[in-house]
file start-v6.cif (mmCIF, C-alpha atoms)
data_final
#
loop_
_atom_site.label_atom_id
_atom_site.label_comp_id
_atom_site.auth_asym_id
_atom_site.auth_seq_id
_atom_site.Cartn_x
_atom_site.Cartn_y
_atom_site.Cartn_z
CA LEU A 1408 91.48 -85.48 30.79
CA ILE A 1409 93.76 -82.59 29.83
CA LYS A 1410 91.99 -80.36 27.29
CA LYS A 1411 94.89 -78.50 25.67
CA LYS A 1412 97.17 -80.81 23.70
CA ILE A 1413 99.87 -78.69 22.09
CA PHE A 1414 102.69 -77.55 24.37
CA THR A 1415 105.38 -77.35 21.67
CA PRO A 1416 107.14 -73.99 21.24
CA GLY A 1417 105.73 -73.63 17.71
CA PRO A 1418 103.29 -74.40 16.38
CA THR A 1419 101.51 -73.40 19.57
CA GLN A 1420 97.94 -74.12 20.69
CA VAL A 1421 95.67 -72.20 18.29
CA HIS A 1422 92.79 -70.25 19.83
CA PRO A 1423 89.41 -71.69 18.63
CA ASP A 1424 88.25 -68.24 17.43
CA VAL A 1425 91.48 -67.88 15.45
CA LEU A 1426 90.93 -71.28 13.87
CA LYS A 1427 87.38 -70.28 12.96
CA ALA A 1428 88.56 -67.00 11.39
CA THR A 1429 91.22 -68.86 9.40
CA ILE A 1430 88.79 -71.27 7.76
CA SER A 1431 85.80 -68.95 7.32
CA SER A 1432 87.49 -66.40 5.05
CA ASP A 1433 86.56 -66.42 1.36
CA SER A 1434 87.96 -62.99 0.54
CA TYR A 1435 89.64 -62.21 -2.81
CA HIS A 1436 93.13 -60.84 -2.09
CA ARG A 1437 92.85 -58.03 -4.68
CA SER A 1438 89.41 -56.78 -3.61
CA ALA A 1439 88.59 -53.46 -1.96
CA GLU A 1440 87.46 -55.46 1.07
CA PHE A 1441 90.88 -57.13 1.41
CA LYS A 1442 92.70 -53.79 1.01
CA GLU A 1443 90.76 -52.38 3.92
CA PHE A 1444 91.30 -55.54 5.95
CA TYR A 1445 95.09 -55.70 5.34
CA SER A 1446 95.44 -52.06 6.32
CA THR A 1447 93.68 -52.83 9.63
CA LEU A 1448 95.79 -55.94 10.26
CA HIS A 1449 98.93 -53.87 9.59
CA SER A 1450 97.93 -51.33 12.28
CA LYS A 1451 97.19 -54.05 14.83
CA LEU A 1452 100.55 -55.74 14.22
CA GLN A 1453 102.33 -52.41 14.66
CA LYS A 1454 100.69 -52.17 18.10
CA ILE A 1455 101.88 -55.67 19.00
CA PHE A 1456 105.45 -55.00 17.78
CA LEU A 1457 105.23 -51.59 19.51
CA THR A 1458 106.45 -49.83 16.41
CA GLN A 1459 105.47 -46.89 14.22
CA GLN A 1460 107.81 -48.12 11.49
CA TYR A 1461 107.45 -50.02 8.23
CA LEU A 1462 105.88 -53.47 8.47
CA ASN A 1463 104.96 -56.19 5.98
CA VAL A 1464 103.25 -59.56 6.34
CA LEU A 1465 104.85 -62.29 4.25
CA THR A 1466 103.54 -65.68 3.19
CA THR A 1467 106.50 -67.73 4.37
CA SER A 1468 107.91 -69.29 7.55
CA GLY A 1469 109.98 -67.52 10.20
CA THR A 1470 113.11 -68.73 8.40
CA GLY A 1471 111.84 -67.15 5.17
CA ALA A 1472 111.51 -63.84 7.03
CA LEU A 1473 115.06 -64.21 8.44
CA GLU A 1474 116.32 -64.66 4.86
CA THR A 1475 114.23 -61.64 3.80
CA ALA A 1476 116.01 -59.57 6.46
CA VAL A 1477 119.45 -60.66 5.23
CA LEU A 1478 118.62 -60.09 1.53
CA ASN A 1479 117.20 -56.60 2.05
CA PHE A 1480 119.34 -55.14 4.81
CA CYS A 1481 122.79 -56.66 4.15
CA LYS A 1482 124.80 -55.77 1.05
CA PRO A 1483 126.98 -58.20 -0.92
CA GLY A 1484 130.48 -58.54 0.53
CA GLU A 1485 129.63 -56.85 3.83
CA THR A 1486 130.87 -58.08 7.19
CA VAL A 1487 128.11 -58.98 9.63
CA LEU A 1488 128.17 -60.37 13.16
CA TYR A 1489 125.82 -63.11 14.31
CA ILE A 1490 125.43 -64.28 17.88
CA ASN A 1491 125.18 -68.06 18.06
CA GLN A 1492 123.68 -69.31 21.31
CA GLY A 1493 121.62 -72.08 19.74
CA ARG A 1494 120.17 -73.50 16.54
CA PHE A 1495 118.41 -70.30 15.52
CA GLY A 1496 121.40 -68.07 16.19
CA ALA A 1497 123.41 -70.48 14.05
CA ARG A 1498 120.74 -70.17 11.35
CA TRP A 1499 121.44 -66.43 11.00
CA GLY A 1500 125.04 -67.35 10.16
CA ALA A 1501 124.06 -70.06 7.70
CA ILE A 1502 121.74 -67.68 5.80
CA CYS A 1503 124.41 -64.96 5.64
CA LYS A 1504 127.05 -67.39 4.37
CA ALA A 1505 124.64 -68.76 1.73
CA HIS A 1506 124.47 -65.23 0.29
CA GLY A 1507 128.21 -64.57 0.31
CA LEU A 1508 128.42 -62.32 3.34
CA ASN A 1509 131.46 -62.35 5.59
CA ALA A 1510 129.66 -63.61 8.68
CA ILE A 1511 131.62 -63.43 11.94
CA GLU A 1512 130.34 -65.74 14.66
CA LEU A 1513 130.17 -64.78 18.32
CA PRO A 1514 129.68 -68.20 19.96
CA ILE A 1515 127.91 -68.40 23.33
CA THR A 1516 127.57 -71.56 25.40
CA TYR A 1517 124.16 -73.13 24.76
CA GLY A 1518 121.87 -72.32 27.68
CA SER A 1519 123.61 -68.98 28.34
CA ALA A 1520 122.72 -65.54 26.98
CA ALA A 1521 125.07 -63.06 25.29
CA THR A 1522 125.96 -59.96 27.30
CA THR A 1523 127.53 -56.62 26.41
CA ASP A 1524 130.80 -58.01 27.84
CA ASP A 1525 130.76 -60.65 25.08
CA LEU A 1526 130.34 -57.89 22.49
CA LYS A 1527 133.26 -55.90 23.90
CA GLY A 1528 135.64 -58.49 22.46
CA VAL A 1529 134.43 -57.69 18.91
CA ASN A 1530 135.37 -54.67 16.80
CA LEU A 1531 131.89 -53.52 15.84
CA ARG A 1532 133.10 -50.59 13.73
CA GLY A 1533 133.75 -52.82 10.73
CA VAL A 1534 130.40 -54.58 11.06
CA SER A 1535 127.37 -53.47 9.00
CA SER A 1536 124.73 -55.50 10.87
CA VAL A 1537 124.45 -57.48 14.10
CA LEU A 1538 122.05 -60.42 13.92
CA LEU A 1539 120.54 -61.41 17.26
CA THR A 1540 117.99 -63.85 18.63
CA HIS A 1541 115.68 -62.55 21.39
CA THR A 1542 114.43 -65.94 22.61
CA GLU A 1543 116.63 -68.80 21.44
CA THR A 1544 113.91 -71.44 21.06
CA SER A 1545 116.31 -74.38 20.90
CA THR A 1546 117.55 -73.72 24.46
CA ALA A 1547 114.68 -71.59 25.91
CA THR A 1548 117.16 -68.78 26.58
CA LEU A 1549 116.34 -65.06 26.68
CA SER A 1550 118.80 -62.33 25.68
CA ASP A 1551 118.59 -58.79 27.01
CA ILE A 1552 118.00 -57.30 23.56
CA LYS A 1553 117.33 -53.82 24.93
CA ASN A 1554 120.78 -53.70 26.56
CA LEU A 1555 122.59 -55.35 23.64
CA ALA A 1556 120.96 -53.00 21.09
CA SER A 1557 121.88 -49.98 23.19
CA TYR A 1558 125.53 -51.08 23.34
CA ILE A 1559 125.67 -51.82 19.58
CA LYS A 1560 124.18 -48.42 18.75
CA SER A 1561 126.60 -46.59 21.05
CA SER A 1562 129.62 -48.42 19.56
CA SER A 1563 128.86 -48.52 15.83
CA GLU A 1564 126.65 -47.66 12.88
CA ALA A 1565 125.54 -51.30 12.56
CA LEU A 1566 121.91 -52.23 11.98
CA VAL A 1567 120.39 -54.24 14.83
CA ILE A 1568 118.45 -57.15 13.28
CA VAL A 1569 116.45 -59.32 15.68
CA ASP A 1570 114.81 -62.73 15.41
CA ALA A 1571 111.76 -62.07 17.61
CA VAL A 1572 109.85 -65.11 16.35
CA THR A 1573 109.45 -66.56 19.86
CA SER A 1574 108.76 -63.22 21.55
CA VAL A 1575 106.22 -61.06 19.79
CA GLY A 1576 102.76 -61.40 21.33
CA SER A 1577 103.94 -63.41 24.34
CA ILE A 1578 106.78 -61.64 26.18
CA GLU A 1579 107.99 -58.05 26.46
CA PHE A 1580 109.27 -56.77 23.13
CA ARG A 1581 109.45 -53.05 22.31
CA MET A 1582 110.83 -52.48 18.83
CA ASP A 1583 110.98 -48.68 18.79
CA ASP A 1584 111.87 -48.08 22.44
CA TRP A 1585 114.73 -50.57 22.21
CA ASN A 1586 116.04 -48.97 19.00
CA ILE A 1587 115.78 -52.13 16.90
CA ASP A 1588 116.19 -51.68 13.12
CA VAL A 1589 114.65 -54.94 11.93
CA ALA A 1590 112.38 -57.37 13.81
CA VAL A 1591 111.08 -60.64 12.45
CA SER A 1592 108.26 -62.81 13.80
CA ALA A 1593 105.84 -65.49 12.59
CA SER A 1594 102.22 -66.59 12.94
CA GLN A 1595 102.68 -69.85 14.88
CA LYS A 1596 104.14 -68.69 18.22
CA GLY A 1597 102.82 -65.84 20.38
CA LEU A 1598 100.26 -65.03 17.69
CA MET A 1599 98.64 -68.49 18.25
CA THR A 1600 97.80 -68.97 14.56
CA GLN A 1601 98.75 -71.88 12.29
CA PRO A 1602 102.23 -71.73 10.65
CA GLY A 1603 102.79 -70.19 7.22
CA ALA A 1604 102.90 -66.41 7.64
CA ALA A 1605 105.67 -64.15 8.93
CA ILE A 1606 105.96 -60.47 9.81
CA ILE A 1607 108.93 -58.18 9.25
CA ALA A 1608 109.14 -54.66 10.68
CA TYR A 1609 111.97 -52.27 9.81
CA SER A 1610 113.21 -48.77 10.60
CA GLU A 1611 113.76 -45.75 8.36
CA LYS A 1612 117.53 -46.40 8.49
CA ALA A 1613 117.04 -50.02 7.37
CA MET A 1614 114.55 -48.96 4.68
CA SER A 1615 117.04 -46.45 3.18
CA LYS A 1616 119.69 -49.15 2.95
CA MET A 1617 117.23 -51.55 1.33
CA GLN A 1618 116.43 -49.12 -1.51
CA ASP A 1619 119.85 -49.17 -3.20
CA ASN A 1620 120.98 -52.60 -2.04
CA PRO A 1621 122.31 -54.58 -5.05
CA MET A 1622 121.70 -57.94 -3.33
CA PRO A 1623 119.74 -60.14 -5.81
CA ARG A 1624 116.20 -60.86 -4.66
CA PHE A 1625 112.79 -61.41 -6.20
CA PHE A 1626 110.04 -62.95 -4.04
CA PHE A 1627 111.68 -61.57 -0.88
CA ASP A 1628 112.21 -58.05 -2.25
CA LEU A 1629 110.76 -55.78 0.44
CA ARG A 1630 110.87 -52.74 -1.87
CA LYS A 1631 107.99 -54.36 -3.76
CA GLU A 1632 106.11 -55.15 -0.53
CA MET A 1633 106.57 -51.62 0.80
CA ASP A 1634 105.45 -50.00 -2.46
CA SER A 1635 102.50 -52.35 -2.83
CA PHE A 1636 101.31 -51.55 0.68
CA LYS A 1637 101.82 -47.78 0.32
CA LYS A 1638 100.08 -47.64 -3.06
CA ASP A 1639 97.25 -50.14 -2.68
CA SER A 1640 97.29 -51.59 0.89
CA LEU A 1641 97.99 -54.97 -0.70
CA THR A 1642 100.69 -57.65 -0.61
CA THR A 1643 102.84 -58.07 -3.72
CA TRP A 1644 102.28 -61.82 -4.05
CA THR A 1645 99.28 -64.00 -3.30
CA PRO A 1646 98.98 -64.05 0.50
CA ALA A 1647 97.86 -66.96 2.68
CA VAL A 1648 94.49 -65.26 3.02
CA GLY A 1649 93.11 -67.56 5.72
CA LEU A 1650 96.19 -67.14 7.91
CA PHE A 1651 95.96 -63.35 7.59
CA TYR A 1652 92.38 -63.48 8.91
CA GLY A 1653 93.49 -65.84 11.68
CA MET A 1654 96.29 -63.49 12.73
CA ASN A 1655 93.85 -60.59 12.69
CA LYS A 1656 91.60 -62.40 15.17
CA ALA A 1657 94.65 -63.29 17.31
CA CYS A 1658 95.64 -59.60 17.37
CA ASP A 1659 92.12 -58.72 18.54
CA ILE A 1660 92.35 -61.26 21.39
CA ILE A 1661 95.81 -60.05 22.48
CA LEU A 1662 94.94 -56.34 22.26
CA ALA A 1663 91.65 -56.88 24.13
CA GLU A 1664 93.57 -58.54 26.97
CA GLY A 1665 96.19 -55.80 26.81
CA LEU A 1666 99.73 -56.46 25.58
CA GLU A 1667 101.36 -55.91 28.98
CA ASN A 1668 98.72 -58.09 30.69
CA ARG A 1669 99.56 -60.80 28.17
CA TRP A 1670 103.29 -60.56 28.94
CA LYS A 1671 102.54 -60.69 32.67
CA ARG A 1672 100.33 -63.75 32.30
CA THR A 1673 102.93 -65.59 30.20
CA GLY A 1674 105.46 -64.76 32.92
CA GLU A 1675 103.18 -66.18 35.63
CA MET A 1676 102.70 -69.43 33.70
CA ALA A 1677 106.45 -69.75 33.10
CA GLU A 1678 107.29 -69.03 36.74
CA TYR A 1679 104.76 -71.59 38.01
CA PHE A 1680 105.98 -74.21 35.54
CA ARG A 1681 109.69 -73.73 36.31
CA LYS A 1682 109.18 -73.69 40.09
CA THR A 1683 106.99 -76.82 40.06
CA ALA A 1684 109.28 -78.67 37.66
CA VAL A 1685 112.34 -78.05 39.83
CA GLU A 1686 110.42 -79.12 42.97
CA ASN A 1687 109.48 -82.34 41.15
CA GLY A 1688 113.07 -83.22 40.30
CA PHE A 1689 113.53 -81.74 36.83
CA GLY A 1690 116.43 -79.37 36.10
CA LEU A 1691 116.33 -76.01 34.26
CA PHE A 1692 118.59 -76.06 31.21
CA SER A 1693 118.94 -72.30 30.71
CA SER A 1694 120.71 -69.91 33.07
CA SER A 1695 118.70 -67.06 31.47
CA PRO A 1696 115.28 -68.64 30.93
CA SER A 1697 112.73 -67.07 28.60
CA ASP A 1698 109.10 -66.86 29.72
CA ALA A 1699 108.00 -67.91 26.21
CA LEU A 1700 109.07 -71.53 26.79
CA THR A 1701 111.02 -73.70 29.24
CA ALA A 1702 113.70 -76.31 28.57
CA LEU A 1703 113.96 -79.01 31.24
CA THR A 1704 116.55 -81.70 31.87
CA LEU A 1705 115.49 -85.04 33.34
CA PRO A 1706 117.18 -86.57 36.39
CA GLY A 1707 119.44 -89.62 36.20
CA GLY A 1708 120.13 -89.27 32.49
CA ILE A 1709 116.59 -90.34 31.51
CA PRO A 1710 116.27 -89.54 27.76
CA SER A 1711 113.69 -86.78 27.19
CA GLY A 1712 112.30 -88.82 24.26
CA LYS A 1713 110.86 -91.34 26.73
CA LEU A 1714 108.87 -88.64 28.52
CA ILE A 1715 107.72 -87.14 25.21
CA LYS A 1716 106.55 -90.56 23.98
CA ALA A 1717 104.66 -91.30 27.21
CA MET A 1718 102.89 -87.91 27.19
CA LYS A 1719 101.83 -88.38 23.56
CA GLU A 1720 100.67 -92.00 23.88
CA LYS A 1721 98.85 -91.68 27.21
CA TYR A 1722 97.33 -88.20 27.02
CA GLY A 1723 97.68 -87.03 23.40
CA VAL A 1724 99.87 -84.18 24.68
CA GLN A 1725 102.64 -83.02 22.36
CA ILE A 1726 105.83 -81.58 23.85
CA ALA A 1727 109.13 -80.95 22.06
CA ASN A 1728 112.48 -82.68 22.23
CA GLY A 1729 115.80 -80.89 22.06
CA GLN A 1730 117.25 -80.25 18.59
CA ALA A 1731 120.41 -81.70 16.99
CA GLU A 1732 123.02 -82.30 19.72
CA MET A 1733 120.44 -81.44 22.40
CA LYS A 1734 118.09 -84.25 21.30
CA ASP A 1735 117.10 -86.47 24.23
CA LYS A 1736 118.97 -84.14 26.62
CA ILE A 1737 116.17 -81.62 27.14
CA ALA A 1738 112.39 -81.41 26.74
CA ARG A 1739 110.83 -78.08 25.74
CA PHE A 1740 107.45 -76.71 26.85
CA SER A 1741 105.63 -73.67 25.47
CA HIS A 1742 103.96 -70.95 27.53
CA MET A 1743 102.80 -69.20 24.34
CA GLY A 1744 99.63 -69.52 22.32
CA ASP A 1745 96.17 -70.21 23.68
CA LEU A 1746 97.18 -71.38 27.16
CA GLU A 1747 96.01 -70.53 30.67
CA LEU A 1748 97.60 -71.16 34.06
CA ALA A 1749 95.11 -74.01 34.60
CA ASP A 1750 96.56 -75.78 31.51
CA ILE A 1751 100.10 -75.40 32.86
CA LYS A 1752 99.00 -76.81 36.23
CA GLU A 1753 97.42 -79.85 34.55
CA LEU A 1754 100.53 -80.38 32.46
CA SER A 1755 102.79 -80.10 35.52
CA GLU A 1756 100.78 -82.76 37.38
CA LEU A 1757 101.01 -85.19 34.46
CA LEU A 1758 104.74 -84.58 34.03
CA ASN A 1759 105.36 -85.24 37.72
CA LYS A 1760 103.36 -88.48 37.49
CA GLU A 1761 105.19 -89.66 34.35
CA LEU A 1762 108.61 -88.75 35.73
CA GLY A 1763 107.83 -90.90 38.79
CA LEU A 1764 107.00 -93.84 36.52
CA LEU A 1765 110.16 -93.35 34.42
CA LYS A 1766 112.31 -93.23 37.56
CA GLY A 1767 110.62 -96.45 38.71
CA ASN A 1768 111.66 -98.23 35.51
#

call {"tool": "encode", "arguments": {"input": "start-v6.cif", "output": "structure tokens"}}
result
Amino acid sequence: LIKKKIFTPGPTQVHPDVLKATISSDSYHRSAEFKEFYSTLHSKLQKIFLTQQYLNVLTTSGTGALETAVLNFCKPGETVLYINQGRFGARWGAICKAHGLNAIELPITYGSAATTDDLKGVNLRGVSSVLLTHTETSTATLSDIKNLASYIKSSSEALVIVDAVTSVGSIEFRMDDWNIDVAVSASQKGLMTQPGAAIIAYSEKAMSKMQDNPMPRFFFDLRKEMDSFKKDSLTTWTPAVGLFYGMNKACDIILAEGLENRWKRTGEMAEYFRKTAVENGFGLFSSSPSDALTALTLPGGIPSGKLIKAMKEKYGVQIANGQAEMKDKIARFSHMGDLELADIKELSELLNKELGLLKGN
């Protein structure tokens, strides 16, 4: 029977050692011990983001960290550009509009990735920030963030703000080398920890803007987080202590394997899964697939919900449906978290078997 059960693109399969670290911590979050621990966790996360810049761990979801980015690095009344190639790209726009920003949408067909040609149609000079999504989880689509960031920087003074929630710790992401100003991630994806914590890293340029930004904020005020870390190596608010210890263990596992080895292995799992799925009659939804997860279409208009239900009821395996208008049109499968190629092979065999049965009906 298949051992790994969670193939959703978040939460992902949690490593048993991470789970153990999460529940075994009884540390007081204002103690000298925790100060030392948080400082160490901070350094490890910088290595995984590949950044020397500012970084804070927040007790919130990925969406909370996206809102934190908007509140700290966008000023009231500014014009920002968000690239919408799926539900999470659209979320950038919704957050900006909720806080009164003039948010211009660059719409991209779902399943496709934005290119520099798409950006050429926009006057970036009047834009203070460009909000991007590295892996659009709703469509399993990867954007060439390195190339897009380079174009934005050469054409404007805009901050490059990236949702890297479904990237960090699983696929290639180089914050400093790619000249990214703000990068956001969360505990429950490549970091194979339970949901509830998020990470935000930001450049000197972004930090300067944050200091005199009149945007109202309280819990999500990164000036407090930055000062608290610099002064005491602590978080401002009560952290999700267990999750912090879980993430620390996850960082150890990833860094011991080697970040680039991790990326390579995720890529091998994704490649095997996509190739096998197509051979078995599934279709690939994205024209620019991410290695972090895959979105498949089913032949003959079979609703993806039927496959998802069969996998859950027969094997206890959880996979994800499409979201909103993509519901029942695609099924989504993670290659992040505590997974090996052997798990992907087992999953592929079961999917092939179940697809055969669904076709037979």

call {"tool": "resolve_selection", "arguments": {"input": "start-v6.cif", "expression": "the PyMOL selection byres ((chain A and resi 1494) around 9)", "output": "list in words"}}
result
Asn1491, Gln1492, Gly1493, Phe1495, Gly1496, Ala1497, Arg1498, Glu1543, Thr1544, Ser1545, Thr1546, Gln1730 and Ala1731 of chain A

call {"tool": "write_last_selection", "arguments": {"input": "start-v6.cif", "atoms": "C-alpha atoms", "output": "JSON list (two decimals), in the coordinates of the input"}}
result
[["chain", "number", "residue", "atom", "x", "y", "z"],
["A", 1491, "ASN", "CA", 125.18, -68.06, 18.06],
["A", 1492, "GLN", "CA", 123.68, -69.31, 21.31],
["A", 1493, "GLY", "CA", 121.62, -72.08, 19.74],
["A", 1495, "PHE", "CA", 118.41, -70.30, 15.52],
["A", 1496, "GLY", "CA", 121.40, -68.07, 16.19],
["A", 1497, "ALA", "CA", 123.41, -70.48, 14.05],
["A", 1498, "ARG", "CA", 120.74, -70.17, 11.35],
["A", 1543, "GLU", "CA", 116.63, -68.80, 21.44],
["A", 1544, "THR", "CA", 113.91, -71.44, 21.06],
["A", 1545, "SER", "CA", 116.31, -74.38, 20.90],
["A", 1546, "THR", "CA", 117.55, -73.72, 24.46],
["A", 1730, "GLN", "CA", 117.25, -80.25, 18.59],
["A", 1731, "ALA", "CA", 120.41, -81.70, 16.99]]

call {"tool": "residues_around", "arguments": {"input": "start-v6.cif", "residues": "A:Asp1424", "least_positions_apart": "6", "cutoff": "12 Å", "atoms": "all atoms listed in the file", "output": "number ranges by chain"}}
result
A: 1430-1431, 1599-1600, 1652-1660, 1745

call {"tool": "closest_residue", "arguments": {"input": "start-v6.cif", "among": "A:Ile1409, A:His1436, A:Met1617, A:Val1648", "to": "A:Glu1756", "atoms": "all atoms listed in the file"}}
result
A:Ile1409

call {"tool": "resolve_selection", "arguments": {"input": "start-v6.cif", "expression": "the PyMOL selection byres ((chain A and resi 1484-1487) around 6)", "output": "PyMOL selection string"}}
result
chain A and resi 1482-1483+1488+1508-1510+1534-1537

call {"tool": "closest_residue", "arguments": {"input": "start-v6.cif", "among": "A:Thr1573, A:Thr1704, A:Thr1645, A:Ser1695", "to": "A:Gly1729", "atoms": "all atoms listed in the file"}}
result
A:Thr1704

call {"tool": "residues_around", "arguments": {"input": "start-v6.cif", "residues": "A:Lys1553", "least_positions_apart": "6", "cutoff": "10 Å", "atoms": "all atoms listed in the file", "output": "JSON, numbers by chain"}}
result
{"A": [1541, 1580, 1581, 1582, 1584, 1585, 1586, 1587]}

call {"tool": "closest_residue", "arguments": {"input": "start-v6.cif", "among": "A:Leu1549, A:Ile1455, A:Val1464, A:Ala1738", "to": "A:Ala1604", "atoms": "all atoms listed in the file"}}
result
A:Val1464

call {"tool": "atom_distance", "arguments": {"input": "start-v6.cif", "atom1": "atom CA of A:Val1425", "atom2": "atom CA of A:Thr1548"}}
result
28.0 Å

call {"tool": "closest_residue", "arguments": {"input": "start-v6.cif", "among": "A:Asn1530, A:Ser1755, A:Ser1615, A:Thr1522", "to": "A:Asp1551", "atoms": "all atoms listed in the file"}}
result
A:Thr1522
